[in-house]
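Chemist: The following file, data15.cif, comprises mmCIF, C-alpha atoms:
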data_input
loop_
_atom_site.label_atom_id
_atom_site.label_comp_id
_atom_site.auth_asym_id
_atom_site.auth_seq_id
_atom_site.Cartn_x
_atom_site.Cartn_y
_atom_site.Cartn_z
CA MET A 1455 0.00 0.00 0.00
CA ASP A 1456 1.41 3.35 -0.98
CA ILE A 1457 0.29 5.57 1.88
CA GLY A 1458 1.94 8.51 3.64
CA GLY A 1459 2.78 9.01 7.30
CA VAL A 1460 -0.41 10.88 8.22
CA ALA A 1461 -2.66 8.33 6.47
CA SER A 1462 -0.80 5.42 8.04
CA ALA A 1463 -1.57 6.84 11.51
CA LEU A 1464 -5.29 7.12 10.69
CA PRO A 1465 -6.35 3.63 11.92
CA PHE A 1466 -4.65 4.20 15.29
CA THR A 1467 -6.03 7.74 15.67
CA LEU A 1468 -9.54 6.56 14.78
CA GLY A 1469 -9.08 3.67 17.23
CA ILE A 1470 -8.41 6.13 20.09
CA VAL A 1471 -11.41 8.25 19.05
CA MET A 1472 -13.65 5.18 18.91
CA LEU A 1473 -12.24 4.03 22.26
CA GLY A 1474 -13.57 7.17 23.95
CA LEU A 1475 -16.85 7.22 22.07
CA SER A 1476 -17.68 3.54 22.61
CA ALA A 1477 -16.73 3.76 26.30
CA ALA A 1478 -19.03 6.78 26.62
CA VAL A 1479 -21.93 5.22 24.69
CA PHE A 1480 -21.75 1.67 26.09
CA GLY A 1481 -20.49 2.46 29.60
CA THR A 1482 -23.97 2.23 31.12
CA LYS A 1483 -24.49 -1.17 29.47
CA VAL A 1484 -21.22 -2.36 30.97
CA ASP A 1485 -22.51 -1.48 34.43
CA SER A 1486 -25.95 -3.00 33.90
CA ASN A 1487 -25.01 -6.18 31.95
CA GLY A 1488 -21.86 -7.02 33.88
CA PRO A 1489 -18.22 -7.47 32.94
CA ARG A 1490 -18.56 -10.88 31.26
CA TRP A 1491 -21.02 -9.53 28.71
CA ALA A 1492 -18.85 -6.45 28.19
CA MET A 1493 -15.64 -8.42 27.76
CA ALA A 1494 -17.27 -10.88 25.36
CA VAL A 1495 -18.53 -8.00 23.21
CA SER A 1496 -15.14 -6.30 23.47
CA SER A 1497 -13.36 -9.51 22.40
CA ALA A 1498 -15.70 -9.98 19.43
CA CYS A 1499 -15.15 -6.41 18.21
CA PHE A 1500 -11.38 -6.37 18.83
CA VAL A 1501 -10.80 -9.71 17.08
CA THR A 1502 -13.13 -8.80 14.21
CA GLY A 1503 -11.17 -5.58 13.80
CA PHE A 1504 -7.95 -7.51 13.24
CA LEU A 1505 -9.55 -10.02 10.88
CA VAL A 1506 -11.21 -7.28 8.81
CA SER A 1507 -7.89 -5.41 8.69
CA ALA A 1508 -6.10 -8.56 7.50
CA LEU A 1509 -8.66 -8.86 4.70
CA GLY A 1510 -8.25 -5.18 3.85
CA ILE A 1511 -4.47 -5.49 3.56
CA TRP A 1512 -4.73 -8.68 1.51
CA LEU A 1513 -7.18 -7.01 -0.91
CA GLY A 1514 -5.23 -3.75 -0.92
CA TRP A 1515 -8.26 -1.80 0.37
CA TYR A 1516 -6.86 0.66 2.90
CA TRP A 1517 -10.30 1.97 3.85
CA LEU A 1518 -11.14 -1.52 5.12
CA VAL A 1519 -8.09 -1.42 7.41
CA VAL A 1520 -9.26 1.93 8.77
CA VAL A 1521 -12.78 0.58 9.35
CA GLY A 1522 -11.51 -2.70 10.81
CA TYR A 1523 -8.65 -1.66 13.08
CA GLY A 1524 -9.79 1.89 13.85
CA GLY A 1525 -13.58 1.53 13.80
CA ILE A 1526 -14.55 -2.00 14.89
CA GLY A 1527 -11.36 -2.65 16.86
CA GLY A 1528 -11.62 0.77 18.54
CA ILE A 1529 -15.11 -0.06 19.81
CA GLY A 1530 -13.69 -3.25 21.31
CA LEU A 1531 -10.89 -1.25 22.93
CA GLY A 1532 -13.31 1.17 24.61
CA ILE A 1533 -15.64 -1.48 26.05
CA GLY A 1534 -12.72 -3.68 27.05
CA TYR A 1535 -10.88 -0.80 28.72
CA ILE A 1536 -13.59 0.12 31.22
CA SER A 1537 -14.97 -3.31 32.13
CA PRO A 1538 -12.08 -4.59 34.32
CA VAL A 1539 -11.86 -1.21 36.06
CA SER A 1540 -15.36 -1.25 37.50
CA THR A 1541 -14.97 -4.96 38.35
CA LEU A 1542 -11.73 -4.55 40.27
CA ILE A 1543 -13.08 -1.56 42.17
CA LYS A 1544 -15.75 -3.91 43.54
CA TRP A 1545 -13.14 -6.48 44.60
CA PHE A 1546 -10.96 -3.87 46.34
CA PRO A 1547 -13.37 -1.35 47.90
CA ASP A 1548 -10.71 -0.58 50.51
CA ARG A 1549 -7.98 0.14 47.89
CA PRO A 1550 -9.60 1.77 44.84
CA GLY A 1551 -6.32 3.30 43.65
CA LEU A 1552 -4.56 -0.06 43.77
CA SER A 1553 -7.40 -1.78 41.93
CA THR A 1554 -7.65 0.77 39.12
CA GLY A 1555 -3.85 0.83 38.92
CA ILE A 1556 -3.79 -2.93 38.31
CA ALA A 1557 -6.54 -2.68 35.69
CA ILE A 1558 -5.03 0.19 33.74
CA MET A 1559 -1.53 -1.24 34.06
CA GLY A 1560 -2.87 -4.14 32.02
CA PHE A 1561 -3.39 -1.77 29.13
CA GLY A 1562 0.26 -0.67 29.29
CA GLY A 1563 1.37 -4.27 29.81
CA GLY A 1564 -0.46 -5.27 26.64
CA ALA A 1565 1.67 -2.88 24.62
CA LEU A 1566 4.75 -4.29 26.33
CA ILE A 1567 3.87 -7.78 25.05
CA ALA A 1568 2.52 -6.80 21.62
CA ASN A 1569 5.50 -4.66 20.52
CA PRO A 1570 8.25 -7.33 20.50
CA TRP A 1571 5.82 -10.05 19.44
CA THR A 1572 4.61 -8.02 16.45
CA SER A 1573 8.14 -7.02 15.46
CA SER A 1574 9.40 -10.60 15.50
CA MET A 1575 6.37 -11.79 13.54
CA LEU A 1576 6.76 -9.11 10.85
CA THR A 1577 10.45 -9.96 10.51
CA ALA A 1578 9.67 -13.68 10.21
CA PHE A 1579 7.06 -13.00 7.48
CA GLY A 1580 9.36 -10.71 5.48
CA ALA A 1581 7.08 -7.78 6.29
CA SER A 1582 9.65 -5.41 7.79
CA GLY A 1583 12.29 -3.15 6.29
CA ASN A 1584 12.07 -0.89 3.25
CA ASP A 1585 10.24 -3.36 1.01
CA PRO A 1586 7.77 -5.23 3.23
CA ASP A 1587 5.71 -8.11 1.90
CA THR A 1588 2.05 -7.01 2.06
CA ASN A 1589 0.82 -10.59 2.43
CA GLY A 1590 3.16 -10.96 5.40
CA ILE A 1591 1.51 -7.96 7.08
CA ALA A 1592 -1.94 -9.43 6.38
CA LEU A 1593 -0.83 -12.75 7.89
CA ALA A 1594 0.46 -10.95 10.99
CA PHE A 1595 -2.93 -9.25 11.44
CA LEU A 1596 -4.69 -12.59 10.98
CA ILE A 1597 -2.54 -14.31 13.60
CA HIS A 1598 -3.01 -11.39 15.98
CA GLY A 1599 -6.77 -11.77 15.65
CA LEU A 1600 -6.75 -15.53 16.27
CA VAL A 1601 -4.38 -15.37 19.25
CA TYR A 1602 -6.28 -12.48 20.82
CA ALA A 1603 -9.50 -14.49 20.37
CA VAL A 1604 -8.07 -17.33 22.48
CA PHE A 1605 -6.53 -15.10 25.16
CA MET A 1606 -9.48 -12.75 25.51
CA THR A 1607 -11.98 -15.61 25.63
CA MET A 1608 -10.14 -17.02 28.61
CA GLY A 1609 -10.39 -13.56 30.18
CA TRP A 1610 -14.16 -13.22 29.94
CA LEU A 1611 -14.70 -16.83 30.98
CA LEU A 1612 -12.66 -16.32 34.15
CA ILE A 1613 -14.00 -12.91 35.18
CA ARG A 1614 -15.99 -12.78 38.41
CA VAL A 1615 -17.61 -9.99 40.36
CA PRO A 1616 -17.96 -10.37 44.13
CA ALA A 1617 -21.24 -11.40 45.73
CA ASP A 1618 -23.52 -8.60 46.91
CA GLY A 1619 -22.39 -7.17 50.20
CA TRP A 1620 -18.90 -8.69 49.94
CA ARG A 1621 -16.16 -6.77 51.69
CA PRO A 1622 -12.52 -7.48 52.56
CA ALA A 1623 -11.90 -8.89 56.03
CA GLY A 1624 -11.55 -6.20 58.65
CA TRP A 1625 -12.57 -3.33 56.39
CA ASP A 1626 -15.11 -0.79 57.61
CA PRO A 1627 -16.70 1.32 54.83
CA ALA A 1628 -17.51 4.03 57.36
CA VAL A 1629 -13.80 4.74 57.80
CA GLN A 1630 -13.34 5.22 54.05
CA ARG A 1631 -16.12 7.80 53.97
CA THR A 1632 -14.58 10.07 56.54
CA ARG A 1633 -12.34 11.58 53.84
CA ALA A 1634 -13.75 14.87 52.60
CA MET A 1635 -13.66 13.98 48.91
CA VAL A 1636 -15.25 10.53 49.28
CA SER A 1637 -18.93 10.53 48.43
CA LYS A 1638 -21.43 8.91 50.80
CA ALA A 1639 -23.78 7.96 47.95
CA GLY A 1640 -23.79 7.10 44.26
CA VAL A 1641 -24.35 9.47 41.34
CA SER A 1642 -25.77 8.29 38.00
CA ALA A 1643 -23.78 8.74 34.83
CA ALA A 1644 -26.42 11.04 33.39
CA ASN A 1645 -26.23 13.28 36.45
CA ALA A 1646 -22.45 13.09 36.76
CA ILE A 1647 -21.89 14.84 33.44
CA ARG A 1648 -24.02 17.74 34.74
CA THR A 1649 -21.61 18.40 37.61
CA PRO A 1650 -18.59 20.72 37.41
CA GLN A 1651 -16.47 18.00 39.01
CA PHE A 1652 -16.85 15.77 35.95
CA TRP A 1653 -15.68 18.49 33.56
CA LEU A 1654 -12.82 19.57 35.80
CA LEU A 1655 -11.56 15.98 35.79
CA TRP A 1656 -12.12 15.88 32.03
CA ILE A 1657 -9.72 18.83 31.71
CA VAL A 1658 -7.26 17.21 34.12
CA LEU A 1659 -7.19 13.95 32.14
CA CYS A 1660 -7.10 15.63 28.74
CA PHE A 1661 -4.19 17.94 29.61
CA ASN A 1662 -2.26 15.28 31.52
CA VAL A 1663 -2.52 12.91 28.54
CA THR A 1664 -1.57 15.65 26.08
CA ALA A 1665 1.52 16.47 28.16
CA GLY A 1666 2.59 12.83 28.16
CA ILE A 1667 2.12 12.60 24.41
CA GLY A 1668 4.53 15.55 24.18
CA ILE A 1669 7.37 13.15 24.92
CA LEU A 1670 5.85 9.84 23.88
CA GLU A 1671 5.09 10.95 20.33
CA LYS A 1672 8.68 11.99 19.61
CA ALA A 1673 10.68 10.00 22.17
CA ASN A 1674 13.14 8.52 19.70
CA PRO A 1675 14.04 11.74 17.82
CA ILE A 1676 14.03 13.74 21.08
CA TYR A 1677 16.72 11.48 22.52
CA GLN A 1678 18.79 11.63 19.34
CA ASP A 1679 18.55 15.43 19.15
CA PHE A 1680 19.48 15.87 22.81
CA PHE A 1681 22.53 13.58 22.72
CA ARG A 1682 23.72 13.66 19.10
CA ASP A 1683 26.90 15.51 20.04
CA SER A 1684 27.76 13.47 23.13
CA SER A 1685 27.11 9.94 21.79
CA PRO A 1686 28.84 8.10 18.93
CA ALA A 1687 26.53 7.73 15.90
CA ARG A 1688 26.94 3.94 16.10
CA THR A 1689 25.33 3.72 19.52
CA LEU A 1690 22.90 6.64 19.28
CA THR A 1691 20.17 4.74 17.39
CA ALA A 1692 20.25 1.74 19.74
CA ALA A 1693 20.27 4.05 22.75
CA ALA A 1694 17.21 5.91 21.40
CA VAL A 1695 15.35 2.59 21.03
CA ALA A 1696 16.32 1.73 24.61
CA PHE A 1697 15.08 5.16 25.71
CA VAL A 1698 11.64 4.43 24.21
CA SER A 1699 11.65 1.05 26.00
CA ILE A 1700 12.51 2.51 29.38
CA LEU A 1701 9.74 5.08 28.92
CA SER A 1702 7.29 2.22 28.30
CA LEU A 1703 8.40 0.64 31.54
CA ALA A 1704 8.01 3.92 33.45
CA ASN A 1705 4.59 4.43 31.89
CA MET A 1706 3.45 0.99 32.99
CA LEU A 1707 4.95 1.01 36.50
CA GLY A 1708 3.62 4.52 37.17
CA ARG A 1709 0.12 3.23 36.67
CA PHE A 1710 0.48 0.79 39.54
CA VAL A 1711 2.84 2.61 41.92
CA TRP A 1712 1.41 6.13 41.89
CA SER A 1713 -2.20 5.00 41.74
CA SER A 1714 -1.63 2.75 44.77
CA LEU A 1715 0.00 5.66 46.59
CA SER A 1716 -3.16 7.69 45.98
CA ASP A 1717 -4.97 5.41 48.45
CA LEU A 1718 -2.68 6.77 51.17
CA ILE A 1719 -2.36 10.45 50.31
CA GLY A 1720 -5.67 11.05 48.53
CA ARG A 1721 -6.64 11.53 44.91
CA LYS A 1722 -6.46 15.31 44.85
CA ASN A 1723 -2.96 15.33 46.32
CA ILE A 1724 -1.65 12.73 43.89
CA TYR A 1725 -2.91 14.79 40.93
CA ARG A 1726 -1.15 17.81 42.43
CA ILE A 1727 2.03 15.75 42.05
CA TYR A 1728 1.24 14.51 38.53
CA LEU A 1729 0.45 17.99 37.27
CA GLY A 1730 2.53 20.32 39.45
CA VAL A 1731 5.68 18.24 39.69
CA GLY A 1732 5.11 17.18 36.07
CA ALA A 1733 5.29 20.83 34.99
CA LEU A 1734 8.50 21.35 36.99
CA LEU A 1735 10.02 18.25 35.41
CA TYR A 1736 9.27 19.65 31.96
CA VAL A 1737 11.04 22.87 33.02
CA ALA A 1738 14.07 20.85 34.15
CA LEU A 1739 14.01 18.82 30.95
CA THR A 1740 13.90 21.97 28.85
CA PHE A 1741 16.73 23.82 30.56
CA ILE A 1742 18.98 21.16 32.14
CA GLY A 1743 18.26 17.97 30.15
CA GLU A 1744 20.89 18.53 27.50
CA THR A 1745 23.71 18.99 29.96
CA ASN A 1746 23.01 16.04 32.23
CA LYS A 1747 21.88 12.69 30.88
CA ALA A 1748 20.87 11.37 34.30
CA VAL A 1749 18.59 14.36 34.87
CA PHE A 1750 17.16 13.95 31.38
CA LEU A 1751 16.35 10.27 31.94
CA LEU A 1752 14.95 10.85 35.41
CA CYS A 1753 12.70 13.69 34.25
CA ALA A 1754 11.46 11.84 31.16
CA CYS A 1755 10.73 8.65 33.12
CA LEU A 1756 8.87 10.51 35.86
CA ILE A 1757 6.84 12.47 33.31
CA LEU A 1758 5.83 9.24 31.58
CA SER A 1759 5.09 7.55 34.91
CA PHE A 1760 2.77 10.46 35.75
CA TYR A 1761 1.20 10.16 32.30
CA GLY A 1762 0.35 6.49 32.90
CA ALA A 1763 -0.69 7.15 36.48
CA GLY A 1764 -3.09 9.86 35.32
CA PHE A 1765 -5.02 7.18 33.43
CA ALA A 1766 -4.87 4.73 36.30
CA THR A 1767 -5.96 7.01 39.12
CA ILE A 1768 -8.85 8.74 37.39
CA PRO A 1769 -11.37 5.88 37.92
CA ALA A 1770 -10.55 5.89 41.64
CA TYR A 1771 -11.02 9.69 41.70
CA LEU A 1772 -14.39 9.19 39.99
CA ARG A 1773 -15.30 6.50 42.49
CA ASP A 1774 -14.48 8.88 45.36
CA LEU A 1775 -16.59 11.66 43.91
CA PHE A 1776 -19.49 9.75 42.36
CA GLY A 1777 -19.55 6.41 44.23
CA THR A 1778 -19.51 2.94 42.67
CA TYR A 1779 -23.14 3.07 41.41
CA GLN A 1780 -22.33 3.78 37.74
CA VAL A 1781 -18.61 4.45 37.94
CA GLY A 1782 -17.94 2.36 34.82
CA ALA A 1783 -20.32 4.46 32.75
CA ILE A 1784 -18.95 7.71 34.17
CA HIS A 1785 -15.41 6.54 33.45
CA GLY A 1786 -16.49 5.72 29.92
CA ARG A 1787 -17.81 9.24 29.36
CA LEU A 1788 -14.61 10.74 30.77
CA LEU A 1789 -12.51 8.82 28.26
CA THR A 1790 -13.68 11.24 25.57
CA ALA A 1791 -10.95 13.42 27.12
CA TRP A 1792 -8.41 10.79 26.03
CA SER A 1793 -9.86 10.75 22.53
CA THR A 1794 -9.53 14.53 22.37
CA ALA A 1795 -5.97 14.44 23.67
CA GLY A 1796 -5.13 11.55 21.35
CA VAL A 1797 -6.04 13.71 18.37
CA LEU A 1798 -4.88 17.14 19.60
CA GLY A 1799 -1.64 16.01 21.26
CA PRO A 1800 0.09 14.64 18.17
CA ILE A 1801 -1.21 17.54 16.07
CA ILE A 1802 0.33 20.09 18.47
CA VAL A 1803 3.61 18.22 18.84
CA ASN A 1804 4.04 17.44 15.15
CA ALA A 1805 3.01 20.93 14.02
CA ILE A 1806 5.59 22.55 16.30
CA ALA A 1807 8.28 20.03 15.34
CA ASP A 1808 7.57 20.49 11.62
CA SER A 1809 7.74 24.28 11.94
CA ARG A 1810 11.20 23.95 13.50
CA SER A 1811 12.56 21.21 11.27
CA ASP A 1812 15.47 23.44 10.23
CA ILE A 1813 16.64 23.77 13.85
CA ALA A 1814 19.01 21.15 15.25
CA GLY A 1815 19.40 20.09 18.86
CA PRO A 1816 17.21 20.32 21.95
CA SER A 1817 15.97 23.85 21.20
CA LYS A 1818 13.88 22.28 18.45
CA TYR A 1819 11.53 21.02 21.18
CA THR A 1820 11.49 24.05 23.49
CA PRO A 1821 8.16 25.53 22.23
CA ALA A 1822 6.45 22.11 22.44
CA PHE A 1823 7.71 21.60 25.99
CA LEU A 1824 6.54 25.09 26.97
CA VAL A 1825 3.05 24.26 25.63
CA MET A 1826 3.07 21.10 27.75
CA ILE A 1827 4.06 23.11 30.85
CA VAL A 1828 1.14 25.51 30.28
CA LEU A 1829 -1.29 22.60 29.83
CA LEU A 1830 -0.07 20.95 33.03
CA VAL A 1831 -0.47 24.21 34.97
CA LEU A 1832 -4.03 24.57 33.62
CA GLY A 1833 -4.71 20.97 34.65
CA PHE A 1834 -3.30 21.74 38.11
CA VAL A 1835 -5.70 24.68 38.47
CA ALA A 1836 -8.64 22.48 37.36
CA ASN A 1837 -7.70 19.89 39.98
CA GLU A 1838 -7.56 22.61 42.66
CA LEU A 1839 -11.14 23.56 41.82
CA VAL A 1840 -12.50 20.05 42.44
CA ARG A 1841 -14.84 19.93 45.45
CA PRO A 1842 -17.03 17.13 46.85
CA VAL A 1843 -20.19 16.52 44.79
CA ALA A 1844 -23.30 18.25 46.13
CA ASP A 1845 -25.92 16.04 47.82
CA LYS A 1846 -28.58 17.00 45.26
CA TRP A 1847 -26.87 14.76 42.66
CA HIS A 1848 -26.86 11.68 44.88
CA GLU A 1849 -29.13 8.73 44.11
CA PRO A 1850 -31.77 7.73 46.66
CA GLU A 1851 -30.93 5.00 49.15
CA PRO A 1852 -30.48 1.49 47.57
CA ASP A 1853 -33.90 0.13 48.63
CA THR A 1854 -35.72 2.89 46.72
CA ALA A 1855 -33.25 3.45 43.92
CA ARG A 1856 -34.61 0.72 41.65
CA THR A 1857 -38.08 2.21 41.60
CA SER A 1858 -37.32 5.89 41.52
CA GLY A 1859 -35.57 6.56 38.26
CA ALA A 1860 -32.06 5.60 39.28
CA GLN A 1861 -31.16 5.16 35.61
CA ALA A 1862 -31.81 8.83 34.87
CA MET B 853 -23.30 -18.57 33.33
CA SER B 854 -23.37 -16.03 36.13
CA ASP B 855 -20.38 -13.78 36.55
CA GLN B 856 -21.00 -13.28 40.25
CA THR B 857 -19.19 -15.40 42.84
CA GLN B 858 -21.33 -16.84 45.59
CA GLN B 859 -18.47 -16.80 48.06
CA GLY B 860 -16.01 -13.99 48.49
CA LYS B 861 -13.21 -16.15 47.10
CA ALA B 862 -12.43 -17.49 43.61
CA PRO B 863 -11.46 -21.20 43.16
CA THR B 864 -7.70 -21.76 43.51
CA VAL B 865 -7.35 -23.42 40.11
CA LEU B 866 -8.87 -20.43 38.38
CA VAL B 867 -6.59 -18.09 40.26
CA VAL B 868 -3.49 -20.07 39.20
CA VAL B 869 -4.64 -20.30 35.56
CA ALA B 870 -5.43 -16.59 35.48
CA TRP B 871 -2.03 -15.62 36.89
CA LEU B 872 -0.18 -17.87 34.42
CA TRP B 873 -2.34 -16.67 31.52
CA VAL B 874 -1.30 -13.10 32.23
CA GLY B 875 2.09 -13.62 33.83
CA LEU B 876 3.88 -15.64 31.16
CA PRO B 877 3.23 -13.29 28.21
CA PHE B 878 3.96 -10.36 30.50
CA LEU B 879 7.35 -11.80 31.48
CA TYR B 880 8.16 -12.28 27.79
CA GLY B 881 7.36 -8.60 27.11
CA LEU B 882 9.30 -7.44 30.15
CA TRP B 883 12.35 -9.49 29.17
CA GLN B 884 12.30 -8.16 25.62
CA LEU B 885 12.21 -4.65 27.06
CA VAL B 886 14.92 -5.13 29.67
CA ILE B 887 17.47 -6.52 27.21
CA LYS B 888 17.27 -3.27 25.20
CA ILE B 889 18.03 -1.01 28.15
CA PRO B 890 21.84 -1.56 28.40
CA ALA B 891 22.20 0.18 25.02
CA LEU B 892 21.07 3.36 26.77
CA PHE B 893 24.23 3.29 28.86
CA GLY B 894 26.58 2.32 26.06
CA GLY B 895 26.19 -1.45 26.49
#
Translate the structure described by the file into structure tokens.
Modeler:
Amino acid sequence: MDIGGVASALPFTLGIVMLGLSAAVFGTKVDSNGPRWAMAVSSACFVTGFLVSALGIWLGWYWLVVVGYGGIGGIGLGIGYISPVSTLIKWFPDRPGLSTGIAIMGFGGGALIANPWTSSMLTAFGASGNDPDTNGIALAFLIHGLVYAVFMTMGWLLIRVPADGWRPAGWDPAVQRTRAMVSKAGVSAANAIRTPQFWLLWIVLCFNVTAGIGILEKANPIYQDFFRDSSPARTLTAAAVAFVSILSLANMLGRFVWSSLSDLIGRKNIYRIYLGVGALLYVALTFIGETNKAVFLLCACLILSFYGAGFATIPAYLRDLFGTYQVGAIHGRLLTAWSTAGVLGPIIVNAIADSRSDIAGPSKYTPAFLVMIVLLVLGFVANELVRPVADKWHEPEPDTARTSGAQA
Amino acid sequence: MSDQTQQGKAPTVLVVVAWLWVGLPFLYGLWQLVIKIPALFGG
């Protein structure tokens, strides 16, 4: 297929857009039908997406790849992303940050597995390099679809939610609710999007994700531009690949570590760190990074760990503010922030990089980093404005909820 | 098939299968990542 760089990114970009939209549209169904139904639907869509894409590549119809991977597969991504989150929150009511960290870390862990597996498969099928075999790419998509079908089926067959009224030994829900930000009752998804808290968290997530994309999108060339003069050309390329790998690790570990820490210090405080310290790290990266490789690596890894943690902690923040009643559906609606950032982030970063293509060295990225700092500061302000949800949005007590329009 | 447990605890066999199902591919991905890192420090 003779397609350019922008067009080749279209399936992935559409996939992220569909992720947010499907999570928003089907989130309520995930809560009402349960995780097994949601994961089965997610598996069907995700696998179908790969199989349709394989057919599209084999036929040479690029639009079919876009529809398959981006459209159908993206719907599977969205439904599959939110279903383990709401399930694990029910299993760990005493540690919501830990539970959402585990769930969202799985998303990062998936990329960790898929990257080397896909690369080795493409190489084996003669589908890598400057003249890749199109049929080899189609075969790789086909195998992906079949293997994911087996693995994901095992997932939805094994999934369990706890029995009603289950709670960990020795845990008292009353203690959890003494924190100011933790809601005493549930809020429906329809009502949640009418609260300022929802939109403040939407801004927080959108800007935090955009700031992470600032590095993630250009990690390889950023490293090469920062250390071109201090590293031999022979080792620079391999080192840049290693830099991308270590960022993936930081991204994944941040999801678990920082989100778990949020159970101890509170959700609002942890986002102060992600956004406030994140902005300071970008400042350090901009002005010190070139001169000290250790500082550069530390800053970049922490920024990416905060990026991943921002995803992982947001469902726990939602659970604190809106309760567990329809937290999956509310989380789904909030993921439209990710879709927005997934489109805007690369546009901002690439537009700035393209406009400075004639500049060599770290200064090439200074305007992009400054934009990220501003976004993080705006996200910090939005987080500061978050207050507990007013009682008027709370659902009635459980015994009356089912008969009084709780689905509103 | 219901997706709700009747006890608060999942069967041990399922727990082991689930951990292996996730853990083995994850270790493969982690290993593939770790072996690239030395290049960052001139290895």
Chemist: Give as a list in words each residue that has an atom at most 12 Å from (-13.9, -14.5, 28.7) in the file, counting all atoms listed in the file.
Modeler: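 So the residues meeting the distance criterion are Pro1489, Arg1490, Trp1491, Ala1492, Met1493, Ala1494, Val1495, Ser1496, Ser1497, Ala1498, Gly1534, Ser1537, Pro1538, Tyr1602, Ala1603, Val1604, Phe1605, Met1606, Thr1607, Met1608, Gly1609, Trp1610, Leu1611, Leu1612, Ile1613 and Arg1614 of chain A; Met853, Asp855 and Ala870 of chain B.
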Chemist: Taking all atoms of region 1496-1507 of chain A that appear in the file, build a box with edges along x, y and z, extend it by 3 Å on every side, and state its centre and edge lengths in Å to one decimal, as lines of an AutoDock Vina configuration file.
Modeler:
center_x = -11.8
center_y = -7.7
center_z = 16.1
size_x = 13.8
size_y = 10.6
size_z = 20.8
Chemist: What residues in chain A lie within 6 Å of chain B, counting only C-alpha atoms, written as a VMD selection string?
Modeler: chain A and resid 1566 to 1567 1614 to 1617 1692 to 1693 1696 1699
Chemist: Just to be explicit: take each residue in the selection above, keep C-alpha atoms, and write the result as a PDB file, in the frame of the given file.
Modeler:
ATOM      1  CA  LEU A1566       4.750  -4.290  26.330  1.00  0.00           C
ATOM      2  CA  ILE A1567       3.870  -7.780  25.050  1.00  0.00           C
ATOM      3  CA  ARG A1614     -15.990 -12.780  38.410  1.00  0.00           C
ATOM      4  CA  VAL A1615     -17.610  -9.990  40.360  1.00  0.00           C
ATOM      5  CA  PRO A1616     -17.960 -10.370  44.130  1.00  0.00           C
ATOM      6  CA  ALA A1617     -21.240 -11.400  45.730  1.00  0.00           C
ATOM      7  CA  ALA A1692      20.250   1.740  19.740  1.00  0.00           C
ATOM      8  CA  ALA A1693      20.270   4.050  22.750  1.00  0.00           C
ATOM      9  CA  ALA A1696      16.320   1.730  24.610  1.00  0.00           C
ATOM     10  CA  SER A1699      11.650   1.050  26.000  1.00  0.00           C
TER      11      SER A1699
END
Chemist: Suppose you want the space between CA of Ile1727 (chain A) and CA of Phe1750 (chain A); what is it in Å?
Modeler: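 Separation between CA of Ile1727 (chain A) and CA of Phe1750 (chain A): 18.6 Å.
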Chemist: Kindly give the distance, in Å, that separates CA of Met1635 (chain A) and CA of Lys1544 (chain A), rounded to a single decimal.
Modeler: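 Between CA of Met1635 (chain A) and CA of Lys1544 (chain A) the gap is 18.8 Å.
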Chemist: For the structure provided, state which residues fall under the PyMOL selection byres ((chain A and resi 1720) around 12), and present them as a VMD selection string.
Modeler: chain A and resid 1549 to 1551 1630 1633 to 1636 1712 to 1719 1721 to 1727 1767 to 1768 1770 to 1771 1774 to 1775
Chemist: If we count only C-alpha atoms, what is near Thr1794 (chain A) at a cut-off of 9 Å, once residues fewer than 2 positions away on the same chain are taken out, given as a list in words?
Modeler: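 So, after excluding close chain neighbours, the residues are Ile1470, Val1471, Gly1474, Cys1660, Thr1664, Leu1789, Thr1790, Ala1791, Trp1792, Gly1796, Val1797, Leu1798 and Gly1799 of chain A.
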Chemist: Written as a ChimeraX atom specification, which residues does the PyMOL selection byres ((chain A and resi 1743) around 12) give for the file shown?
Modeler: /A:1676-1677,1679-1681,1735-1742,1744-1754,1815-1817,1819-1820,1823
Chemist: Please measure the separation of CA of Thr1691 (chain A) and CA of Pro1675 (chain A), giving the value in Å to one decimal.
Modeler: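 A separation of 9.3 Å between them.
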Chemist: For Leu1596 (chain A), please output as an MDAnalysis selection string all residues within 9 Å (counting all atoms listed in the file; exclusion window: fewer than 2 positions along the same chain).
Modeler: chainID A and resid 1504:1509 1591:1594 1598:1601
Chemist: Extract, using all atoms listed in the file, all DNA, RNA and protein residues at most 12 Å from Leu1576 (chain A), discarding same-chain residues fewer than 2 positions from it, and format them as a PyMOL selection string.
Modeler: chain A and resi 1568-1574+1578-1583+1585-1598
Chemist: Exactly which residues make up the result of the PyMOL selection byres ((chain A and resi 1833) around 7) on this file, given as an MDAnalysis selection string?
Modeler: chainID A and resid 1657:1658 1661:1662 1729 1829:1832 1834:1837
Chemist: Filtering to C-alpha atoms, could you give me those residues as a PDB file, in the frame of the given file?
Modeler:
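Printed below is again-v6.pdb as written:
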ATOM      1  CA  ILE A1657      -9.720  18.830  31.710  1.00  0.00           C
ATOM      2  CA  VAL A1658      -7.260  17.210  34.120  1.00  0.00           C
ATOM      3  CA  PHE A1661      -4.190  17.940  29.610  1.00  0.00           C
ATOM      4  CA  ASN A1662      -2.260  15.280  31.520  1.00  0.00           C
ATOM      5  CA  LEU A1729       0.450  17.990  37.270  1.00  0.00           C
ATOM      6  CA  LEU A1829      -1.290  22.600  29.830  1.00  0.00           C
ATOM      7  CA  LEU A1830      -0.070  20.950  33.030  1.00  0.00           C
ATOM      8  CA  VAL A1831      -0.470  24.210  34.970  1.00  0.00           C
ATOM      9  CA  LEU A1832      -4.030  24.570  33.620  1.00  0.00           C
ATOM     10  CA  PHE A1834      -3.300  21.740  38.110  1.00  0.00           C
ATOM     11  CA  VAL A1835      -5.700  24.680  38.470  1.00  0.00           C
ATOM     12  CA  ALA A1836      -8.640  22.480  37.360  1.00  0.00           C
ATOM     13  CA  ASN A1837      -7.700  19.890  39.980  1.00  0.00           C
TER      14      ASN A1837
END
